[in-house]
$ cat start-v6.txt   # compact mmCIF, C-alpha atoms
# COMPACT_ATOMS: atom_id res chain seq x y z
CA MET A 1 -31.89 -45.58 -1.28
CA GLY A 2 -30.42 -43.22 -3.88
CA ARG A 3 -28.35 -40.24 -2.92
CA LYS A 4 -29.85 -36.76 -3.04
CA SER A 5 -28.78 -34.24 -5.63
CA ILE A 6 -27.35 -30.86 -4.68
CA SER A 7 -30.61 -29.14 -5.66
CA HIS A 8 -32.34 -30.80 -2.71
CA ILE A 9 -29.97 -29.74 0.07
CA ARG A 10 -29.52 -26.34 1.65
CA LYS A 11 -27.15 -24.97 4.27
CA PRO A 12 -29.71 -25.04 7.14
CA GLU A 13 -30.33 -28.74 6.54
CA ILE A 14 -26.61 -29.49 6.50
CA LEU A 15 -26.09 -27.49 9.70
CA ARG A 16 -28.93 -29.30 11.47
CA HIS A 17 -27.30 -32.64 10.65
CA THR A 18 -23.88 -31.27 11.61
CA TYR A 19 -25.31 -30.28 14.98
CA LYS A 20 -26.52 -33.84 15.57
CA VAL A 21 -23.15 -35.34 14.64
CA VAL A 22 -21.31 -32.92 16.95
CA GLU A 23 -23.83 -33.60 19.71
CA GLU A 24 -23.04 -37.32 19.47
CA GLU A 25 -19.30 -37.27 18.69
CA GLY A 26 -17.97 -33.78 19.41
CA PHE A 27 -16.12 -31.58 16.93
CA MET A 28 -13.09 -33.87 17.04
CA GLY A 29 -15.20 -36.79 15.84
CA MET A 30 -17.18 -34.76 13.33
CA THR A 31 -16.18 -35.17 9.68
CA ILE A 32 -17.79 -34.04 6.47
CA GLY A 33 -17.95 -37.70 5.48
CA LYS A 34 -20.02 -38.60 8.56
CA ILE A 35 -22.41 -35.74 7.93
CA ALA A 36 -22.78 -36.73 4.29
CA THR A 37 -23.48 -40.34 5.26
CA ARG A 38 -26.09 -39.21 7.77
CA MET A 39 -27.77 -37.12 5.08
CA GLY A 40 -27.47 -39.70 2.34
CA VAL A 41 -25.47 -37.41 0.04
CA ASN A 42 -22.02 -37.36 -1.51
CA SER A 43 -19.32 -35.60 0.52
CA GLY A 44 -18.54 -33.43 -2.50
CA LEU A 45 -21.92 -31.76 -2.19
CA LEU A 46 -21.07 -30.54 1.31
CA ILE A 47 -17.64 -29.38 0.16
CA HIS A 48 -19.47 -27.32 -2.48
CA TYR A 49 -21.05 -25.25 0.30
CA PHE A 50 -18.36 -25.17 2.97
CA LYS A 51 -15.02 -25.93 1.25
CA SER A 52 -13.56 -27.53 4.41
CA LYS A 53 -14.30 -28.75 7.93
CA GLU A 54 -13.10 -25.38 9.25
CA GLY A 55 -15.52 -23.59 6.95
CA LEU A 56 -18.34 -25.77 8.24
CA ILE A 57 -17.42 -24.99 11.85
CA MET A 58 -17.40 -21.27 11.04
CA GLU A 59 -20.94 -21.58 9.74
CA MET A 60 -21.90 -23.55 12.84
CA VAL A 61 -21.01 -20.56 15.02
CA GLU A 62 -23.56 -18.44 13.16
CA TYR A 63 -26.09 -21.28 13.23
CA LEU A 64 -25.72 -21.62 17.00
CA TYR A 65 -26.24 -17.87 17.46
CA LYS A 66 -29.40 -17.88 15.35
CA SER A 67 -30.75 -20.98 17.09
CA SER A 68 -30.04 -19.49 20.51
CA MET A 69 -31.65 -16.13 19.67
CA THR A 70 -34.68 -17.83 18.14
CA ALA A 71 -35.19 -19.80 21.36
CA TYR A 72 -34.76 -16.70 23.54
CA LEU A 73 -37.10 -14.55 21.48
CA GLU A 74 -39.75 -17.27 21.36
CA GLU A 75 -39.62 -17.59 25.15
CA LEU A 76 -39.79 -13.80 25.59
CA LYS A 77 -43.03 -13.62 23.59
CA LYS A 78 -44.96 -14.79 26.64
CA TYR A 79 -44.13 -11.58 28.54
CA THR A 80 -46.42 -8.63 27.87
CA THR A 81 -44.80 -5.81 29.88
CA PRO A 82 -41.22 -4.47 29.98
CA ARG A 83 -40.90 -5.48 33.63
CA GLU A 84 -42.04 -9.04 32.90
CA ARG A 85 -39.58 -9.19 30.01
CA LEU A 86 -36.73 -8.04 32.25
CA GLU A 87 -37.64 -10.57 34.92
CA GLY A 88 -38.15 -13.28 32.32
CA LEU A 89 -34.80 -12.67 30.66
CA LEU A 90 -32.99 -12.87 34.02
CA ASP A 91 -34.88 -16.07 34.85
CA MET A 92 -33.90 -17.47 31.47
CA VAL A 93 -30.16 -16.83 31.54
CA PHE A 94 -29.80 -17.81 35.22
CA ASP A 95 -32.14 -20.80 35.10
CA THR A 96 -31.30 -23.82 37.26
CA SER A 97 -34.21 -26.05 36.23
CA GLY A 98 -32.98 -26.92 32.75
CA THR A 99 -36.36 -25.99 31.24
CA MET A 100 -35.32 -22.64 29.73
CA PRO A 101 -33.31 -22.17 26.49
CA GLN A 102 -29.67 -22.72 27.41
CA ARG A 103 -26.24 -23.07 25.87
CA ASP A 104 -25.56 -26.76 25.36
CA ALA A 105 -22.56 -29.02 24.82
CA VAL A 106 -22.36 -28.19 21.11
CA PHE A 107 -22.14 -24.47 21.84
CA TRP A 108 -19.45 -24.87 24.48
CA SER A 109 -17.47 -27.28 22.29
CA CYS A 110 -17.53 -24.72 19.50
CA TYR A 111 -16.55 -21.97 21.92
CA ALA A 112 -13.58 -24.01 23.17
CA MET A 113 -12.25 -24.40 19.64
CA GLY A 114 -11.78 -20.64 19.51
CA PHE A 115 -8.85 -20.98 21.89
CA ARG A 116 -6.96 -22.97 19.27
CA ASN A 117 -8.14 -21.40 16.03
CA ASP A 118 -7.84 -17.66 15.36
CA LYS A 119 -10.52 -17.63 12.66
CA ILE A 120 -13.04 -19.37 14.89
CA ARG A 121 -12.13 -17.07 17.78
CA GLU A 122 -12.84 -14.01 15.64
CA LYS A 123 -16.15 -15.52 14.56
CA ILE A 124 -17.10 -16.17 18.19
CA LYS A 125 -16.11 -12.62 19.13
CA GLY A 126 -18.54 -11.44 16.49
CA LEU A 127 -21.22 -13.69 17.94
CA MET A 128 -20.64 -12.25 21.42
CA GLY A 129 -20.86 -8.77 19.95
CA LYS A 130 -24.32 -9.63 18.63
CA PHE A 131 -25.43 -10.82 22.07
CA ILE A 132 -24.16 -7.54 23.56
CA ALA A 133 -26.06 -5.56 20.91
CA PHE A 134 -29.21 -7.52 21.78
CA GLY A 135 -28.67 -6.72 25.47
CA MET A 136 -28.18 -3.03 24.71
CA ALA A 137 -31.45 -2.94 22.77
CA GLU A 138 -33.25 -4.55 25.71
CA ILE A 139 -31.71 -2.07 28.15
CA GLU A 140 -32.79 0.84 25.96
CA ALA A 141 -36.37 -0.45 25.98
CA TRP A 142 -36.33 -0.89 29.77
CA GLU A 143 -34.91 2.60 30.15
CA GLU A 144 -37.62 4.09 27.93
CA ASN A 145 -40.19 2.53 30.26
CA GLY A 146 -38.54 3.90 33.39
CA LEU A 147 -37.35 0.55 34.74
CA VAL A 148 -33.63 1.30 34.63
CA LYS A 149 -31.27 4.16 33.94
CA VAL A 150 -27.92 2.95 32.67
CA ALA A 151 -25.06 5.33 31.90
CA ASP A 152 -23.00 2.82 29.88
CA LYS A 153 -25.34 0.38 28.17
CA GLU A 154 -22.60 -1.51 26.34
CA LYS A 155 -20.69 -2.13 29.56
CA ALA A 156 -23.86 -3.25 31.34
CA ALA A 157 -24.82 -5.60 28.50
CA ALA A 158 -21.29 -7.04 28.36
CA THR A 159 -21.28 -7.55 32.14
CA ILE A 160 -24.59 -9.42 32.07
CA LEU A 161 -23.36 -11.53 29.15
CA ALA A 162 -20.22 -12.42 31.12
CA LEU A 163 -22.33 -13.36 34.14
CA SER A 164 -24.67 -15.50 32.05
CA GLU A 165 -21.85 -17.27 30.20
CA GLY A 166 -20.05 -17.94 33.47
CA PHE A 167 -23.24 -19.33 34.95
CA GLY A 168 -23.65 -21.56 31.92
CA ILE A 169 -20.31 -23.18 32.71
CA LEU A 170 -21.14 -23.54 36.40
CA ARG A 171 -24.53 -25.03 35.64
CA ASN A 172 -22.74 -27.91 33.95
CA SER A 173 -20.13 -28.19 36.71
CA VAL A 174 -21.99 -27.84 40.04
CA ASP A 175 -24.08 -30.83 41.09
CA ASP A 176 -25.47 -29.46 44.34
CA MET A 177 -28.76 -27.76 43.43
CA ALA A 178 -28.92 -25.63 46.57
CA THR A 179 -25.47 -24.21 45.83
CA LEU A 180 -26.39 -23.62 42.20
CA LYS A 181 -29.53 -21.71 43.22
CA GLU A 182 -27.48 -19.54 45.56
CA ILE A 183 -25.05 -18.77 42.73
CA ALA A 184 -27.94 -17.99 40.37
CA LEU A 185 -29.41 -15.56 42.93
CA PHE A 186 -26.04 -13.86 43.40
CA MET A 187 -25.58 -13.50 39.65
CA LYS A 188 -29.09 -12.11 39.19
CA LYS A 189 -28.38 -9.48 41.83
CA SER A 190 -25.07 -8.71 40.13
CA ALA A 191 -26.94 -8.25 36.85
CA LEU A 192 -29.30 -5.79 38.56
CA THR A 193 -26.30 -3.92 39.90
CA ALA A 194 -24.94 -3.68 36.33
CA LEU A 195 -28.32 -2.21 35.39
CA GLU A 196 -27.94 0.26 38.27
CA LEU A 197 -31.09 -1.19 39.78
CA GLN A 198 -31.58 -3.12 43.01
CA THR A 199 -35.36 -3.55 43.17
CA LEU A 200 -38.47 -2.49 41.32
CA PRO A 201 -41.62 -1.03 42.90
CA GLY A 202 -43.82 -3.68 44.43
CA GLU A 203 -42.66 -7.27 44.63
CA PRO A 204 -38.86 -7.72 44.67
CA LEU A 205 -37.45 -8.49 41.25
CA VAL A 206 -35.11 -11.17 42.54
CA LYS A 207 -36.59 -13.70 44.93
CA SER A 208 -34.60 -15.88 47.28
CA PRO A 209 -34.52 -19.51 46.15
CA CYS A 210 -36.93 -21.92 47.77
CA PRO A 211 -35.37 -24.24 50.38
CA GLY A 212 -34.16 -27.53 48.97
$ encode --input "start-v6.txt" --output "structure tokens"
Amino acid sequence: MGRKSISHIRKPEILRHTYKVVEEEGFMGMTIGKIATRMGVNSGLLIHYFKSKEGLIMEMVEYLYKSSMTAYLEELKKYTTPRERLEGLLDMVFDTSGTMPQRDAVFWSCYAMGFRNDKIREKIKGLMGKFIAFGMAEIEAWEENGLVKVADKEKAAATILALSEGFGILRNSVDDMATLKEIALFMKKSALTALELQTLPGEPLVKSPCPG
């Protein structure tokens, strides 16, 4: 089969294939050559877009953010009221079932590279800033609807992000489901504390996990 010309490839396609290579071999095993082979193109075409492996990884950070946000926003569409959206978002980021959109091995591998590469670390810091901005916008909407009243929205959003990222690591480290559910419940309550809210009128916002 002939190789594709540059006119037929775009960054999103390259990044999708990069994701698959990293998923299978990690960032250490990922090379531009392997991605090119997977796509059936010449390595030079990928270099045209990204210049280097580091440049490709930098773009992957942005790709992972967009993919994550797309998944979150799609899931949030099912909720029709601000309260449902608040509950749904907490259920999503502290999910133990594995059915909700979650950070995966590719995300955490990319995150870990930031400890060794200043450019990647700065890119990831920018990504985290975008998640905090998203959280602040959500908090403002909840506040407008009388669900919460938060004095420092940036601090609250950053706290909830820290809780959710920490839970993401634990979710991949704790095998005992009962323990994981207890941790998820604790972190949800901590998130409500950050929102200066313990319960909402009516049914409690945070339910105790079912036995077993």
$ closest_residue --input "start-v6.txt" --among "A:Ile14, A:Leu180, A:Tyr19, A:Met28" --to "Ile47 (chain A)" --atoms "all atoms listed in the file"
A:Ile14
$ closest_residue --input "start-v6.txt" --among "A:Thr193, A:Thr96, A:Ser68, A:Asn117" --to "Leu170 (chain A)" --atoms "only C-alpha atoms"
A:Thr96
$ residues_near_point --input "start-v6.txt" --point "(-17.2, -25.8, 6.6)" --cutoff "12 Å" --atoms "only C-alpha atoms" --output "PDB file with C-alpha atoms, keeping the file's coordinate frame"
ATOM      1  CA  LYS A  11     -27.150 -24.970   4.270  1.00  0.00           C
ATOM      2  CA  ILE A  14     -26.610 -29.490   6.500  1.00  0.00           C
ATOM      3  CA  LEU A  15     -26.090 -27.490   9.700  1.00  0.00           C
ATOM      4  CA  THR A  18     -23.880 -31.270  11.610  1.00  0.00           C
ATOM      5  CA  PHE A  27     -16.120 -31.580  16.930  1.00  0.00           C
ATOM      6  CA  MET A  30     -17.180 -34.760  13.330  1.00  0.00           C
ATOM      7  CA  THR A  31     -16.180 -35.170   9.680  1.00  0.00           C
ATOM      8  CA  ILE A  32     -17.790 -34.040   6.470  1.00  0.00           C
ATOM      9  CA  GLY A  33     -17.950 -37.700   5.480  1.00  0.00           C
ATOM     10  CA  ILE A  35     -22.410 -35.740   7.930  1.00  0.00           C
ATOM     11  CA  SER A  43     -19.320 -35.600   0.520  1.00  0.00           C
ATOM     12  CA  GLY A  44     -18.540 -33.430  -2.500  1.00  0.00           C
ATOM     13  CA  LEU A  45     -21.920 -31.760  -2.190  1.00  0.00           C
ATOM     14  CA  LEU A  46     -21.070 -30.540   1.310  1.00  0.00           C
ATOM     15  CA  ILE A  47     -17.640 -29.380   0.160  1.00  0.00           C
ATOM     16  CA  HIS A  48     -19.470 -27.320  -2.480  1.00  0.00           C
ATOM     17  CA  TYR A  49     -21.050 -25.250   0.300  1.00  0.00           C
ATOM     18  CA  PHE A  50     -18.360 -25.170   2.970  1.00  0.00           C
ATOM     19  CA  LYS A  51     -15.020 -25.930   1.250  1.00  0.00           C
ATOM     20  CA  SER A  52     -13.560 -27.530   4.410  1.00  0.00           C
ATOM     21  CA  LYS A  53     -14.300 -28.750   7.930  1.00  0.00           C
ATOM     22  CA  GLU A  54     -13.100 -25.380   9.250  1.00  0.00           C
ATOM     23  CA  GLY A  55     -15.520 -23.590   6.950  1.00  0.00           C
ATOM     24  CA  LEU A  56     -18.340 -25.770   8.240  1.00  0.00           C
ATOM     25  CA  ILE A  57     -17.420 -24.990  11.850  1.00  0.00           C
ATOM     26  CA  MET A  58     -17.400 -21.270  11.040  1.00  0.00           C
ATOM     27  CA  GLU A  59     -20.940 -21.580   9.740  1.00  0.00           C
ATOM     28  CA  MET A  60     -21.900 -23.550  12.840  1.00  0.00           C
ATOM     29  CA  VAL A  61     -21.010 -20.560  15.020  1.00  0.00           C
ATOM     30  CA  GLU A  62     -23.560 -18.440  13.160  1.00  0.00           C
ATOM     31  CA  TYR A  63     -26.090 -21.280  13.230  1.00  0.00           C
ATOM     32  CA  ILE A 120     -13.040 -19.370  14.890  1.00  0.00           C
TER      33      ILE A 120
END
$ closest_residue --input "start-v6.txt" --among "A:Ala194, A:Ala184, A:Met177, A:Ala71" --to "Ala156 (chain A)" --atoms "all atoms listed in the file"
A:Ala194
$ closest_residue --input "start-v6.txt" --among "A:Phe94, A:Lys78, A:Arg10, A:Lys66" --to "Met39 (chain A)" --atoms "only C-alpha atoms"
A:Arg10
$ residues_around --input "start-v6.txt" --residues "Ile139 (chain A)" --least-positions-apart "2" --cutoff "10 Å" --atoms "all atoms listed in the file" --output "list in words"
Pro82, Leu86, Ala133, Phe134, Gly135, Met136, Ala137, Ala141, Trp142, Glu143, Glu144, Asn145, Leu147, Val148, Lys149, Val150, Lys153, Glu154, Ala156, Ala157 and Leu195 of chain A
$ atom_distance --input "start-v6.txt" --atom1 "CA of Asp95 (chain A)" --atom2 "CA of Leu73 (chain A)"
15.8 Å
$ decode --input "start-v6.txt" --residues "region 45-132 of chain A" --atoms "C-alpha atoms" --output "compact mmCIF listing (two decimals), in the first residue's frame"
# COMPACT_ATOMS: atom_id res chain seq x y z
CA LEU A 45 5.85 14.28 7.31
CA LEU A 46 5.44 14.07 11.08
CA ILE A 47 8.61 16.08 11.62
CA HIS A 48 7.03 18.75 9.41
CA TYR A 49 4.31 19.24 12.02
CA PHE A 50 6.11 18.62 15.30
CA LYS A 51 9.86 19.11 14.64
CA SER A 52 10.85 16.60 17.35
CA LYS A 53 9.59 13.95 19.77
CA GLU A 54 9.48 16.61 22.49
CA GLY A 55 7.34 18.83 20.28
CA LEU A 56 4.96 15.93 19.71
CA ILE A 57 4.70 15.28 23.46
CA MET A 58 3.94 18.97 24.04
CA GLU A 59 1.06 18.71 21.59
CA MET A 60 -0.10 15.52 23.32
CA VAL A 61 -0.61 17.46 26.56
CA GLU A 62 -3.08 19.75 24.79
CA TYR A 63 -4.69 16.80 23.03
CA LEU A 64 -5.22 15.00 26.35
CA TYR A 65 -6.80 18.12 27.86
CA LYS A 66 -9.21 18.52 24.95
CA SER A 67 -10.09 14.81 24.95
CA SER A 68 -10.69 14.86 28.70
CA MET A 69 -12.85 17.99 28.58
CA THR A 70 -14.84 16.65 25.64
CA ALA A 71 -15.61 13.49 27.61
CA TYR A 72 -16.58 15.45 30.74
CA LEU A 73 -18.81 17.89 28.89
CA GLU A 74 -20.52 15.11 26.96
CA GLU A 75 -21.28 13.28 30.22
CA LEU A 76 -22.55 16.49 31.85
CA LYS A 77 -25.10 17.00 29.07
CA LYS A 78 -27.36 14.42 30.69
CA TYR A 79 -27.92 16.65 33.74
CA THR A 80 -30.66 19.25 33.40
CA THR A 81 -30.41 21.21 36.67
CA PRO A 82 -27.46 22.89 38.42
CA ARG A 83 -27.81 20.53 41.39
CA GLU A 84 -27.75 17.46 39.14
CA ARG A 85 -24.69 18.87 37.37
CA LEU A 86 -22.91 19.40 40.69
CA GLU A 87 -23.76 15.90 41.86
CA GLY A 88 -22.85 14.45 38.48
CA LEU A 89 -19.48 16.16 38.36
CA LEU A 90 -18.59 14.87 41.83
CA ASP A 91 -19.71 11.37 40.84
CA MET A 92 -17.58 11.64 37.72
CA VAL A 93 -14.29 12.73 39.26
CA PHE A 94 -14.61 10.39 42.26
CA ASP A 95 -15.98 7.40 40.35
CA THR A 96 -14.94 3.93 41.48
CA SER A 97 -16.80 1.91 38.83
CA GLY A 98 -14.54 2.73 35.90
CA THR A 99 -17.55 3.70 33.76
CA MET A 100 -17.09 7.48 33.93
CA PRO A 101 -14.53 9.52 31.93
CA GLN A 102 -11.23 9.18 33.77
CA ARG A 103 -7.56 10.00 33.45
CA ASP A 104 -5.81 6.97 31.96
CA ALA A 105 -2.29 5.60 31.72
CA VAL A 106 -1.38 7.89 28.82
CA PHE A 107 -2.35 10.98 30.81
CA TRP A 108 -0.41 9.92 33.90
CA SER A 109 2.63 8.94 31.81
CA CYS A 110 2.60 12.38 30.22
CA TYR A 111 2.17 14.01 33.62
CA ALA A 112 5.16 12.09 35.01
CA MET A 113 7.39 13.38 32.22
CA GLY A 114 6.86 16.88 33.56
CA PHE A 115 9.08 16.03 36.52
CA ARG A 116 12.03 15.58 34.16
CA ASN A 117 11.34 18.15 31.47
CA ASP A 118 10.79 21.84 32.27
CA LYS A 119 8.98 22.58 29.01
CA ILE A 120 6.52 19.73 29.52
CA ARG A 121 6.03 20.76 33.16
CA GLU A 122 5.10 24.29 32.10
CA LYS A 123 2.69 22.89 29.52
CA ILE A 124 1.06 20.68 32.15
CA LYS A 125 0.81 23.63 34.54
CA GLY A 126 -1.10 25.43 31.81
CA LEU A 127 -3.37 22.42 31.41
CA MET A 128 -4.08 22.37 35.15
CA GLY A 129 -4.84 26.08 34.99
CA LYS A 130 -7.49 25.34 32.37
CA PHE A 131 -9.09 22.70 34.60
CA ILE A 132 -9.15 25.23 37.46
